[in-house]
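Source file: model-v5.tsv; contents: TSV, N, CA and C atoms.
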```tsv
chain	number	residue	atom	x	y	z
Z	1200	GLN	N	0.85	-1.20	0.00
Z	1200	GLN	CA	0.00	0.00	0.00
Z	1200	GLN	C	0.89	1.24	0.00
Z	1201	VAL	N	0.62	2.13	-0.96
Z	1201	VAL	CA	1.41	3.35	-1.08
Z	1201	VAL	C	0.90	4.39	-0.08
Z	1202	GLN	N	1.82	5.01	0.61
Z	1202	GLN	CA	1.44	6.06	1.55
Z	1202	GLN	C	2.45	7.19	1.45
Z	1203	LEU	N	1.92	8.42	1.40
Z	1203	LEU	CA	2.74	9.63	1.42
Z	1203	LEU	C	2.30	10.45	2.62
Z	1204	VAL	N	3.24	10.84	3.43
Z	1204	VAL	CA	2.91	11.61	4.63
Z	1204	VAL	C	3.72	12.90	4.62
Z	1205	GLU	N	3.00	14.03	4.52
Z	1205	GLU	CA	3.64	15.34	4.58
Z	1205	GLU	C	3.68	15.83	6.02
Z	1206	SER	N	4.69	16.61	6.33
Z	1206	SER	CA	4.79	17.23	7.65
Z	1206	SER	C	5.61	18.49	7.54
Z	1207	GLY	N	5.62	19.28	8.62
Z	1207	GLY	CA	6.45	20.47	8.67
Z	1207	GLY	C	5.68	21.77	8.49
Z	1208	GLY	N	4.40	21.67	8.20
Z	1208	GLY	CA	3.61	22.88	8.06
Z	1208	GLY	C	3.36	23.56	9.39
Z	1209	GLY	N	2.78	24.74	9.34
Z	1209	GLY	CA	2.48	25.46	10.57
Z	1209	GLY	C	2.24	26.93	10.29
Z	1210	LEU	N	2.24	27.70	11.37
Z	1210	LEU	CA	2.04	29.14	11.30
Z	1210	LEU	C	3.40	29.84	11.40
Z	1211	VAL	N	3.66	30.73	10.48
Z	1211	VAL	CA	4.93	31.44	10.47
Z	1211	VAL	C	4.68	32.89	10.08
Z	1212	GLU	N	5.49	33.79	10.58
Z	1212	GLU	CA	5.36	35.20	10.23
Z	1212	GLU	C	5.94	35.47	8.84
Z	1213	PRO	N	5.48	36.50	8.19
Z	1213	PRO	CA	6.08	36.87	6.89
Z	1213	PRO	C	7.58	37.06	7.03
Z	1214	GLY	N	8.30	36.53	6.03
Z	1214	GLY	CA	9.75	36.56	6.06
Z	1214	GLY	C	10.37	35.34	6.71
Z	1215	GLY	N	9.55	34.53	7.33
Z	1215	GLY	CA	10.06	33.35	8.01
Z	1215	GLY	C	10.27	32.18	7.08
Z	1216	SER	N	10.65	31.05	7.69
Z	1216	SER	CA	10.98	29.84	6.93
Z	1216	SER	C	10.27	28.63	7.50
Z	1217	LEU	N	10.03	27.68	6.63
Z	1217	LEU	CA	9.53	26.36	7.02
Z	1217	LEU	C	10.18	25.33	6.12
Z	1218	ARG	N	10.30	24.12	6.64
Z	1218	ARG	CA	10.80	23.01	5.83
Z	1218	ARG	C	9.76	21.90	5.85
Z	1219	LEU	N	9.20	21.63	4.70
Z	1219	LEU	CA	8.23	20.55	4.57
Z	1219	LEU	C	8.94	19.26	4.21
Z	1220	SER	N	8.39	18.17	4.69
Z	1220	SER	CA	8.89	16.84	4.34
Z	1220	SER	C	7.75	15.99	3.82
Z	1221	CYS	N	8.07	15.08	2.94
Z	1221	CYS	CA	7.10	14.11	2.44
Z	1221	CYS	C	7.81	12.75	2.43
Z	1222	VAL	N	7.32	11.86	3.27
Z	1222	VAL	CA	7.92	10.53	3.38
Z	1222	VAL	C	7.03	9.53	2.66
Z	1223	ALA	N	7.63	8.76	1.79
Z	1223	ALA	CA	6.89	7.77	1.01
Z	1223	ALA	C	7.16	6.36	1.51
Z	1224	SER	N	6.15	5.53	1.44
Z	1224	SER	CA	6.30	4.11	1.75
Z	1224	SER	C	5.47	3.31	0.76
Z	1225	GLY	N	5.88	2.06	0.55
Z	1225	GLY	CA	5.14	1.20	-0.37
Z	1225	GLY	C	5.51	1.38	-1.83
Z	1226	VAL	N	6.55	2.17	-2.09
Z	1226	VAL	CA	7.04	2.39	-3.46
Z	1226	VAL	C	8.56	2.34	-3.48
Z	1227	THR	N	9.11	2.09	-4.66
Z	1227	THR	CA	10.56	2.23	-4.86
Z	1227	THR	C	10.80	3.69	-5.18
Z	1228	PHE	N	11.05	4.45	-4.15
Z	1228	PHE	CA	11.02	5.92	-4.22
Z	1228	PHE	C	11.93	6.47	-5.31
Z	1229	ARG	N	13.09	5.88	-5.48
Z	1229	ARG	CA	14.08	6.45	-6.40
Z	1229	ARG	C	13.60	6.41	-7.85
Z	1230	LEU	N	12.54	5.65	-8.15
Z	1230	LEU	CA	12.02	5.54	-9.51
Z	1230	LEU	C	10.98	6.62	-9.83
Z	1231	TYR	N	10.63	7.41	-8.84
Z	1231	TYR	CA	9.53	8.37	-8.98
Z	1231	TYR	C	10.02	9.81	-9.06
Z	1232	ASN	N	9.42	10.55	-9.98
Z	1232	ASN	CA	9.54	12.00	-9.96
Z	1232	ASN	C	8.61	12.53	-8.86
Z	1233	VAL	N	8.92	13.70	-8.35
Z	1233	VAL	CA	8.14	14.24	-7.24
Z	1233	VAL	C	7.83	15.71	-7.48
Z	1234	ASP	N	6.59	16.08	-7.22
Z	1234	ASP	CA	6.17	17.48	-7.27
Z	1234	ASP	C	5.66	17.90	-5.90
Z	1235	TRP	N	5.80	19.17	-5.62
Z	1235	TRP	CA	5.05	19.80	-4.53
Z	1235	TRP	C	4.00	20.70	-5.17
Z	1236	TYR	N	2.77	20.55	-4.73
Z	1236	TYR	CA	1.66	21.38	-5.16
Z	1236	TYR	C	1.15	22.14	-3.93
Z	1237	ARG	N	0.39	23.17	-4.20
Z	1237	ARG	CA	-0.32	23.84	-3.12
Z	1237	ARG	C	-1.69	24.26	-3.61
Z	1238	ARG	N	-2.59	24.39	-2.63
Z	1238	ARG	CA	-3.92	24.87	-2.95
Z	1238	ARG	C	-4.33	25.88	-1.88
Z	1239	ALA	N	-4.49	27.11	-2.34
Z	1239	ALA	CA	-4.94	28.18	-1.45
Z	1239	ALA	C	-6.45	28.26	-1.50
Z	1240	PRO	N	-7.09	28.79	-0.46
Z	1240	PRO	CA	-8.55	28.90	-0.45
Z	1240	PRO	C	-9.07	29.63	-1.68
Z	1241	GLY	N	-10.02	29.01	-2.37
Z	1241	GLY	CA	-10.64	29.65	-3.52
Z	1241	GLY	C	-9.79	29.64	-4.79
Z	1242	LYS	N	-8.66	28.94	-4.75
Z	1242	LYS	CA	-7.78	28.92	-5.92
Z	1242	LYS	C	-7.56	27.50	-6.42
Z	1243	GLU	N	-7.04	27.39	-7.63
Z	1243	GLU	CA	-6.71	26.09	-8.21
Z	1243	GLU	C	-5.41	25.56	-7.61
Z	1244	HIS	N	-5.25	24.25	-7.78
Z	1244	HIS	CA	-3.95	23.66	-7.43
Z	1244	HIS	C	-2.85	24.34	-8.25
Z	1245	GLU	N	-1.74	24.58	-7.60
Z	1245	GLU	CA	-0.59	25.19	-8.27
Z	1245	GLU	C	0.63	24.32	-8.01
Z	1246	LYS	N	1.32	23.92	-9.06
Z	1246	LYS	CA	2.57	23.20	-8.86
Z	1246	LYS	C	3.65	24.21	-8.52
Z	1247	VAL	N	4.33	24.03	-7.40
Z	1247	VAL	CA	5.31	25.02	-6.98
Z	1247	VAL	C	6.73	24.56	-7.23
Z	1248	ALA	N	6.97	23.24	-7.20
Z	1248	ALA	CA	8.32	22.75	-7.40
Z	1248	ALA	C	8.29	21.30	-7.83
Z	1249	SER	N	9.30	20.88	-8.55
Z	1249	SER	CA	9.40	19.49	-8.96
Z	1249	SER	C	10.85	19.06	-8.94
Z	1250	ILE	N	11.04	17.75	-8.75
Z	1250	ILE	CA	12.38	17.18	-8.80
Z	1250	ILE	C	12.28	15.82	-9.48
Z	1251	SER	N	13.13	15.60	-10.44
Z	1251	SER	CA	13.08	14.37	-11.21
Z	1251	SER	C	13.91	13.28	-10.55
Z	1252	ILE	N	13.83	12.08	-11.13
Z	1252	ILE	CA	14.64	10.98	-10.61
Z	1252	ILE	C	16.13	11.30	-10.78
Z	1253	GLY	N	16.46	12.17	-11.70
Z	1253	GLY	CA	17.84	12.59	-11.89
Z	1253	GLY	C	18.18	13.84	-11.11
Z	1254	HIS	N	17.30	14.22	-10.19
Z	1254	HIS	CA	17.51	15.38	-9.31
Z	1254	HIS	C	17.51	16.71	-10.06
Z	1255	ILE	N	16.86	16.74	-11.21
Z	1255	ILE	CA	16.68	18.01	-11.92
Z	1255	ILE	C	15.48	18.71	-11.31
Z	1256	THR	N	15.63	19.99	-11.00
Z	1256	THR	CA	14.58	20.72	-10.30
Z	1256	THR	C	13.97	21.79	-11.19
Z	1257	ASP	N	12.76	22.16	-10.83
Z	1257	ASP	CA	12.05	23.22	-11.55
Z	1257	ASP	C	11.12	23.89	-10.55
Z	1258	TYR	N	10.87	25.19	-10.75
Z	1258	TYR	CA	10.07	25.95	-9.81
Z	1258	TYR	C	9.08	26.85	-10.52
Z	1259	ALA	N	7.97	27.08	-9.86
Z	1259	ALA	CA	7.04	28.09	-10.33
Z	1259	ALA	C	7.68	29.46	-10.17
Z	1260	GLN	N	7.32	30.35	-11.04
Z	1260	GLN	CA	7.90	31.70	-10.98
Z	1260	GLN	C	7.60	32.38	-9.64
Z	1261	SER	N	6.46	32.05	-9.06
Z	1261	SER	CA	6.04	32.70	-7.81
Z	1261	SER	C	6.93	32.33	-6.62
Z	1262	VAL	N	7.69	31.23	-6.73
Z	1262	VAL	CA	8.51	30.79	-5.60
Z	1262	VAL	C	9.99	30.72	-5.95
Z	1263	GLU	N	10.32	30.96	-7.22
Z	1263	GLU	CA	11.72	30.89	-7.67
Z	1263	GLU	C	12.61	31.76	-6.79
Z	1264	GLY	N	13.70	31.19	-6.33
Z	1264	GLY	CA	14.64	31.93	-5.50
Z	1264	GLY	C	14.31	31.92	-4.02
Z	1265	ARG	N	13.11	31.46	-3.65
Z	1265	ARG	CA	12.72	31.41	-2.23
Z	1265	ARG	C	12.54	29.97	-1.74
Z	1266	PHE	N	12.12	29.10	-2.62
Z	1266	PHE	CA	11.87	27.69	-2.26
Z	1266	PHE	C	12.95	26.81	-2.88
Z	1267	THR	N	13.28	25.73	-2.15
Z	1267	THR	CA	14.25	24.77	-2.66
Z	1267	THR	C	13.71	23.36	-2.43
Z	1268	ILE	N	13.64	22.59	-3.50
Z	1268	ILE	CA	13.19	21.21	-3.39
Z	1268	ILE	C	14.42	20.29	-3.43
Z	1269	SER	N	14.37	19.24	-2.63
Z	1269	SER	CA	15.46	18.27	-2.62
Z	1269	SER	C	14.89	16.91	-2.26
Z	1270	ARG	N	15.69	15.87	-2.48
Z	1270	ARG	CA	15.22	14.53	-2.16
Z	1270	ARG	C	16.34	13.69	-1.59
Z	1271	ASP	N	15.98	12.76	-0.74
Z	1271	ASP	CA	16.90	11.79	-0.18
Z	1271	ASP	C	16.32	10.42	-0.49
Z	1272	ASP	N	16.84	9.78	-1.52
Z	1272	ASP	CA	16.28	8.51	-1.96
Z	1272	ASP	C	16.47	7.40	-0.93
Z	1273	LEU	N	17.52	7.50	-0.14
Z	1273	LEU	CA	17.73	6.47	0.90
Z	1273	LEU	C	16.68	6.56	1.99
Z	1274	LYS	N	16.16	7.75	2.21
Z	1274	LYS	CA	15.13	7.94	3.23
Z	1274	LYS	C	13.73	8.01	2.62
Z	1275	SER	N	13.64	7.85	1.30
Z	1275	SER	CA	12.34	7.93	0.60
Z	1275	SER	C	11.60	9.22	0.96
Z	1276	THR	N	12.36	10.31	0.97
Z	1276	THR	CA	11.82	11.58	1.44
Z	1276	THR	C	12.14	12.70	0.47
Z	1277	VAL	N	11.19	13.58	0.27
Z	1277	VAL	CA	11.41	14.81	-0.48
Z	1277	VAL	C	11.14	15.98	0.46
Z	1278	TYR	N	11.93	17.02	0.28
Z	1278	TYR	CA	11.83	18.20	1.14
Z	1278	TYR	C	11.47	19.43	0.31
Z	1279	LEU	N	10.85	20.38	0.98
Z	1279	LEU	CA	10.63	21.69	0.38
Z	1279	LEU	C	11.03	22.73	1.42
Z	1280	GLN	N	12.19	23.32	1.20
Z	1280	GLN	CA	12.65	24.41	2.06
Z	1280	GLN	C	12.03	25.70	1.56
Z	1281	MET	N	11.30	26.37	2.42
Z	1281	MET	CA	10.60	27.59	2.04
Z	1281	MET	C	11.12	28.75	2.87
Z	1282	ASP	N	11.74	29.70	2.22
Z	1282	ASP	CA	12.29	30.87	2.86
Z	1282	ASP	C	11.58	32.13	2.38
Z	1283	SER	N	11.79	33.21	3.13
Z	1283	SER	CA	11.18	34.50	2.76
Z	1283	SER	C	9.69	34.34	2.47
Z	1284	LEU	N	9.01	33.65	3.35
Z	1284	LEU	CA	7.60	33.36	3.13
Z	1284	LEU	C	6.75	34.62	3.12
Z	1285	LYS	N	5.72	34.57	2.29
Z	1285	LYS	CA	4.80	35.70	2.12
Z	1285	LYS	C	3.38	35.23	2.47
Z	1286	PRO	N	2.51	36.15	2.82
Z	1286	PRO	CA	1.12	35.75	3.10
Z	1286	PRO	C	0.48	34.98	1.95
Z	1287	GLU	N	0.85	35.31	0.73
Z	1287	GLU	CA	0.26	34.61	-0.43
Z	1287	GLU	C	0.77	33.18	-0.59
Z	1288	ASP	N	1.73	32.78	0.22
Z	1288	ASP	CA	2.17	31.38	0.23
Z	1288	ASP	C	1.25	30.50	1.10
Z	1289	THR	N	0.33	31.13	1.80
Z	1289	THR	CA	-0.61	30.38	2.64
Z	1289	THR	C	-1.43	29.42	1.78
Z	1290	ALA	N	-1.38	28.13	2.15
Z	1290	ALA	CA	-2.06	27.11	1.36
Z	1290	ALA	C	-1.87	25.76	2.05
Z	1291	VAL	N	-2.58	24.77	1.56
Z	1291	VAL	CA	-2.28	23.39	1.90
Z	1291	VAL	C	-1.30	22.88	0.86
Z	1292	TYR	N	-0.20	22.31	1.34
Z	1292	TYR	CA	0.87	21.83	0.45
Z	1292	TYR	C	0.81	20.30	0.38
Z	1293	TYR	N	0.90	19.80	-0.86
Z	1293	TYR	CA	0.79	18.38	-1.12
Z	1293	TYR	C	2.02	17.90	-1.90
Z	1294	CYS	N	2.45	16.69	-1.63
Z	1294	CYS	CA	3.45	16.08	-2.49
Z	1294	CYS	C	2.77	15.06	-3.41
Z	1295	ARG	N	3.36	14.90	-4.56
Z	1295	ARG	CA	2.83	13.99	-5.58
Z	1295	ARG	C	3.99	13.20	-6.16
Z	1296	LEU	N	3.86	11.89	-6.15
Z	1296	LEU	CA	4.86	11.02	-6.76
Z	1296	LEU	C	4.28	10.46	-8.05
Z	1297	TYR	N	5.10	10.41	-9.08
Z	1297	TYR	CA	4.58	9.86	-10.33
Z	1297	TYR	C	5.70	9.30	-11.20
Z	1298	ILE	N	5.30	8.35	-12.00
Z	1298	ILE	CA	6.11	7.88	-13.12
Z	1298	ILE	C	5.29	8.20	-14.36
Z	1299	LEU	N	5.90	8.81	-15.36
Z	1299	LEU	CA	5.18	9.22	-16.56
Z	1299	LEU	C	4.39	8.06	-17.14
Z	1300	GLY	N	3.11	8.30	-17.37
Z	1300	GLY	CA	2.25	7.30	-17.97
Z	1300	GLY	C	1.66	6.30	-17.00
Z	1301	LYS	N	1.98	6.46	-15.73
Z	1301	LYS	CA	1.47	5.53	-14.71
Z	1301	LYS	C	0.76	6.30	-13.61
Z	1302	THR	N	0.18	5.56	-12.69
Z	1302	THR	CA	-0.60	6.16	-11.60
Z	1302	THR	C	0.25	7.10	-10.77
Z	1303	ALA	N	-0.33	8.23	-10.43
Z	1303	ALA	CA	0.31	9.17	-9.53
Z	1303	ALA	C	-0.26	9.00	-8.14
Z	1304	TYR	N	0.55	9.32	-7.15
Z	1304	TYR	CA	0.14	9.21	-5.75
Z	1304	TYR	C	0.25	10.56	-5.08
Z	1305	TRP	N	-0.74	10.85	-4.23
Z	1305	TRP	CA	-0.80	12.13	-3.54
Z	1305	TRP	C	-0.81	11.90	-2.03
Z	1306	GLY	N	-0.20	12.84	-1.32
Z	1306	GLY	CA	-0.33	12.85	0.12
Z	1306	GLY	C	-1.59	13.60	0.52
Z	1307	GLU	N	-1.83	13.67	1.82
Z	1307	GLU	CA	-3.04	14.33	2.33
Z	1307	GLU	C	-2.84	15.81	2.60
Z	1308	GLY	N	-1.61	16.27	2.54
Z	1308	GLY	CA	-1.35	17.69	2.66
Z	1308	GLY	C	-0.97	18.15	4.05
Z	1309	THR	N	-0.30	19.30	4.07
Z	1309	THR	CA	0.06	19.95	5.33
Z	1309	THR	C	-0.21	21.44	5.18
Z	1310	GLN	N	-0.82	22.03	6.19
Z	1310	GLN	CA	-1.23	23.43	6.12
Z	1310	GLN	C	-0.06	24.35	6.43
Z	1311	VAL	N	0.12	25.33	5.58
Z	1311	VAL	CA	1.10	26.40	5.81
Z	1311	VAL	C	0.33	27.72	5.88
Z	1312	THR	N	0.52	28.44	6.96
Z	1312	THR	CA	-0.13	29.72	7.13
Z	1312	THR	C	0.93	30.77	7.42
Z	1313	VAL	N	0.95	31.81	6.60
Z	1313	VAL	CA	1.92	32.90	6.76
Z	1313	VAL	C	1.14	34.14	7.16
Z	1314	SER	N	1.33	34.55	8.40
Z	1314	SER	CA	0.55	35.67	8.92
Z	1314	SER	C	1.25	36.27	10.12
Z	1315	SER	N	1.07	37.56	10.28
Z	1315	SER	CA	1.61	38.23	11.47
Z	1315	SER	C	0.53	38.33	12.55
```
Turn this file's structure into structure tokens for me.
Amino acid sequence: QVQLVESGGGLVEPGGSLRLSCVASGVTFRLYNVDWYRRAPGKEHEKVASISIGHITDYAQSVEGRFTISRDDLKSTVYLQMDSLKPEDTAVYYCRLYILGKTAYWGEGTQVTVSS
């Protein structure tokens, strides 16, 4: 059974930092590409960062230079380091594992709230 568990969310002041983690089980993690998505109230899902099996990264323009995605295949974990957080970063953050052309897996999300 595939399971993805996100953690690390919380309440932080503008300008602060958080580090999200997504731990996968039930899959051969190193074979999967990974995305971080977020969904803010009243908005569509937005892909904020991705990392391939070859550790190639990509970022949404809205987070470029502030967020860093990384992965530890030995720990079956992907991270999202979020710095210089803004109120507009407030959302539920989800990780997604996928292999092109095959089933994708989603976690249940972790809430990030940026507010003073």
For Z:Asp1272: contacts at 8 Å, only N, CA and C atoms, fewer than 5 positions along chain excluded, given as a list in words |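 Listing them by chain and then by number gives Thr1227, Phe1228, Arg1229, Leu1230 and Val1277 of chain Z.
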Mind checking DSSP for chain Z and telling me the strand (DSSP E or B) residues as a short mmCIF file (atom, residue, chain, number, x, y, z; two decimals) with N, CA and C atoms, in the coordinates of the input?
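Saved file part06.cif follows:
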```cif
data_model
loop_
_atom_site.label_atom_id
_atom_site.label_comp_id
_atom_site.auth_asym_id
_atom_site.auth_seq_id
_atom_site.Cartn_x
_atom_site.Cartn_y
_atom_site.Cartn_z
N GLN Z 1202 1.82 5.01 0.61
CA GLN Z 1202 1.44 6.06 1.55
C GLN Z 1202 2.45 7.19 1.45
N LEU Z 1203 1.92 8.42 1.40
CA LEU Z 1203 2.74 9.63 1.42
C LEU Z 1203 2.30 10.45 2.62
N VAL Z 1204 3.24 10.84 3.43
CA VAL Z 1204 2.91 11.61 4.63
C VAL Z 1204 3.72 12.90 4.62
N GLU Z 1205 3.00 14.03 4.52
CA GLU Z 1205 3.64 15.34 4.58
C GLU Z 1205 3.68 15.83 6.02
N SER Z 1206 4.69 16.61 6.33
CA SER Z 1206 4.79 17.23 7.65
C SER Z 1206 5.61 18.49 7.54
N GLY Z 1209 2.78 24.74 9.34
CA GLY Z 1209 2.48 25.46 10.57
C GLY Z 1209 2.24 26.93 10.29
N LEU Z 1210 2.24 27.70 11.37
CA LEU Z 1210 2.04 29.14 11.30
C LEU Z 1210 3.40 29.84 11.40
N VAL Z 1211 3.66 30.73 10.48
CA VAL Z 1211 4.93 31.44 10.47
C VAL Z 1211 4.68 32.89 10.08
N LEU Z 1217 10.03 27.68 6.63
CA LEU Z 1217 9.53 26.36 7.02
C LEU Z 1217 10.18 25.33 6.12
N ARG Z 1218 10.30 24.12 6.64
CA ARG Z 1218 10.80 23.01 5.83
C ARG Z 1218 9.76 21.90 5.85
N LEU Z 1219 9.20 21.63 4.70
CA LEU Z 1219 8.23 20.55 4.57
C LEU Z 1219 8.94 19.26 4.21
N SER Z 1220 8.39 18.17 4.69
CA SER Z 1220 8.89 16.84 4.34
C SER Z 1220 7.75 15.99 3.82
N CYS Z 1221 8.07 15.08 2.94
CA CYS Z 1221 7.10 14.11 2.44
C CYS Z 1221 7.81 12.75 2.43
N VAL Z 1222 7.32 11.86 3.27
CA VAL Z 1222 7.92 10.53 3.38
C VAL Z 1222 7.03 9.53 2.66
N ALA Z 1223 7.63 8.76 1.79
CA ALA Z 1223 6.89 7.77 1.01
C ALA Z 1223 7.16 6.36 1.51
N SER Z 1224 6.15 5.53 1.44
CA SER Z 1224 6.30 4.11 1.75
C SER Z 1224 5.47 3.31 0.76
N ASN Z 1232 9.42 10.55 -9.98
CA ASN Z 1232 9.54 12.00 -9.96
C ASN Z 1232 8.61 12.53 -8.86
N VAL Z 1233 8.92 13.70 -8.35
CA VAL Z 1233 8.14 14.24 -7.24
C VAL Z 1233 7.83 15.71 -7.48
N ASP Z 1234 6.59 16.08 -7.22
CA ASP Z 1234 6.17 17.48 -7.27
C ASP Z 1234 5.66 17.90 -5.90
N TRP Z 1235 5.80 19.17 -5.62
CA TRP Z 1235 5.05 19.80 -4.53
C TRP Z 1235 4.00 20.70 -5.17
N TYR Z 1236 2.77 20.55 -4.73
CA TYR Z 1236 1.66 21.38 -5.16
C TYR Z 1236 1.15 22.14 -3.93
N ARG Z 1237 0.39 23.17 -4.20
CA ARG Z 1237 -0.32 23.84 -3.12
C ARG Z 1237 -1.69 24.26 -3.61
N ARG Z 1238 -2.59 24.39 -2.63
CA ARG Z 1238 -3.92 24.87 -2.95
C ARG Z 1238 -4.33 25.88 -1.88
N GLU Z 1245 -1.74 24.58 -7.60
CA GLU Z 1245 -0.59 25.19 -8.27
C GLU Z 1245 0.63 24.32 -8.01
N LYS Z 1246 1.32 23.92 -9.06
CA LYS Z 1246 2.57 23.20 -8.86
C LYS Z 1246 3.65 24.21 -8.52
N VAL Z 1247 4.33 24.03 -7.40
CA VAL Z 1247 5.31 25.02 -6.98
C VAL Z 1247 6.73 24.56 -7.23
N ALA Z 1248 6.97 23.24 -7.20
CA ALA Z 1248 8.32 22.75 -7.40
C ALA Z 1248 8.29 21.30 -7.83
N SER Z 1249 9.30 20.88 -8.55
CA SER Z 1249 9.40 19.49 -8.96
C SER Z 1249 10.85 19.06 -8.94
N ILE Z 1250 11.04 17.75 -8.75
CA ILE Z 1250 12.38 17.18 -8.80
C ILE Z 1250 12.28 15.82 -9.48
N THR Z 1256 15.63 19.99 -11.00
CA THR Z 1256 14.58 20.72 -10.30
C THR Z 1256 13.97 21.79 -11.19
N ASP Z 1257 12.76 22.16 -10.83
CA ASP Z 1257 12.05 23.22 -11.55
C ASP Z 1257 11.12 23.89 -10.55
N TYR Z 1258 10.87 25.19 -10.75
CA TYR Z 1258 10.07 25.95 -9.81
C TYR Z 1258 9.08 26.85 -10.52
N PHE Z 1266 12.12 29.10 -2.62
CA PHE Z 1266 11.87 27.69 -2.26
C PHE Z 1266 12.95 26.81 -2.88
N THR Z 1267 13.28 25.73 -2.15
CA THR Z 1267 14.25 24.77 -2.66
C THR Z 1267 13.71 23.36 -2.43
N ILE Z 1268 13.64 22.59 -3.50
CA ILE Z 1268 13.19 21.21 -3.39
C ILE Z 1268 14.42 20.29 -3.43
N SER Z 1269 14.37 19.24 -2.63
CA SER Z 1269 15.46 18.27 -2.62
C SER Z 1269 14.89 16.91 -2.26
N ARG Z 1270 15.69 15.87 -2.48
CA ARG Z 1270 15.22 14.53 -2.16
C ARG Z 1270 16.34 13.69 -1.59
N ASP Z 1271 15.98 12.76 -0.74
CA ASP Z 1271 16.90 11.79 -0.18
C ASP Z 1271 16.32 10.42 -0.49
N THR Z 1276 12.36 10.31 0.97
CA THR Z 1276 11.82 11.58 1.44
C THR Z 1276 12.14 12.70 0.47
N VAL Z 1277 11.19 13.58 0.27
CA VAL Z 1277 11.41 14.81 -0.48
C VAL Z 1277 11.14 15.98 0.46
N TYR Z 1278 11.93 17.02 0.28
CA TYR Z 1278 11.83 18.20 1.14
C TYR Z 1278 11.47 19.43 0.31
N LEU Z 1279 10.85 20.38 0.98
CA LEU Z 1279 10.63 21.69 0.38
C LEU Z 1279 11.03 22.73 1.42
N GLN Z 1280 12.19 23.32 1.20
CA GLN Z 1280 12.65 24.41 2.06
C GLN Z 1280 12.03 25.70 1.56
N MET Z 1281 11.30 26.37 2.42
CA MET Z 1281 10.60 27.59 2.04
C MET Z 1281 11.12 28.75 2.87
N ALA Z 1290 -1.38 28.13 2.15
CA ALA Z 1290 -2.06 27.11 1.36
C ALA Z 1290 -1.87 25.76 2.05
N VAL Z 1291 -2.58 24.77 1.56
CA VAL Z 1291 -2.28 23.39 1.90
C VAL Z 1291 -1.30 22.88 0.86
N TYR Z 1292 -0.20 22.31 1.34
CA TYR Z 1292 0.87 21.83 0.45
C TYR Z 1292 0.81 20.30 0.38
N TYR Z 1293 0.90 19.80 -0.86
CA TYR Z 1293 0.79 18.38 -1.12
C TYR Z 1293 2.02 17.90 -1.90
N CYS Z 1294 2.45 16.69 -1.63
CA CYS Z 1294 3.45 16.08 -2.49
C CYS Z 1294 2.77 15.06 -3.41
N ARG Z 1295 3.36 14.90 -4.56
CA ARG Z 1295 2.83 13.99 -5.58
C ARG Z 1295 3.99 13.20 -6.16
N LEU Z 1296 3.86 11.89 -6.15
CA LEU Z 1296 4.86 11.02 -6.76
C LEU Z 1296 4.28 10.46 -8.05
N TYR Z 1297 5.10 10.41 -9.08
CA TYR Z 1297 4.58 9.86 -10.33
C TYR Z 1297 5.70 9.30 -11.20
N TYR Z 1304 0.55 9.32 -7.15
CA TYR Z 1304 0.14 9.21 -5.75
C TYR Z 1304 0.25 10.56 -5.08
N TRP Z 1305 -0.74 10.85 -4.23
CA TRP Z 1305 -0.80 12.13 -3.54
C TRP Z 1305 -0.81 11.90 -2.03
N THR Z 1309 -0.30 19.30 4.07
CA THR Z 1309 0.06 19.95 5.33
C THR Z 1309 -0.21 21.44 5.18
N GLN Z 1310 -0.82 22.03 6.19
CA GLN Z 1310 -1.23 23.43 6.12
C GLN Z 1310 -0.06 24.35 6.43
N VAL Z 1311 0.12 25.33 5.58
CA VAL Z 1311 1.10 26.40 5.81
C VAL Z 1311 0.33 27.72 5.88
N THR Z 1312 0.52 28.44 6.96
CA THR Z 1312 -0.13 29.72 7.13
C THR Z 1312 0.93 30.77 7.42
N VAL Z 1313 0.95 31.81 6.60
CA VAL Z 1313 1.92 32.90 6.76
C VAL Z 1313 1.14 34.14 7.16
#
```
Judged by all atoms listed in the file, the minimum distance to Z:Val1291 among Z:Arg1238, Z:Ser1251, Z:Trp1305, Z:Leu1279 is found for Z:Arg1238
Near-Z:Tyr1236 list (12 Å; only C-alpha atoms; drop same-chain fewer than 5 positions) as a PyMOL selection string | chain Z and resi 1205+1219+1221+1243-1249+1258-1259+1262+1268+1279+1288+1290-1296+1305-1310
Quick one: distance from atom C of Z:Ser1224 to atom C of Z:Gly1209 in Å, one decimal?
->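 Separation between atom C of Z:Ser1224 and atom C of Z:Gly1209: 25.7 Å.
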Just give me the gap between atom CA of Z:Ala1303 and atom N of Z:Asp1271 in Å, one decimal is fine.
-> 18.3 Å
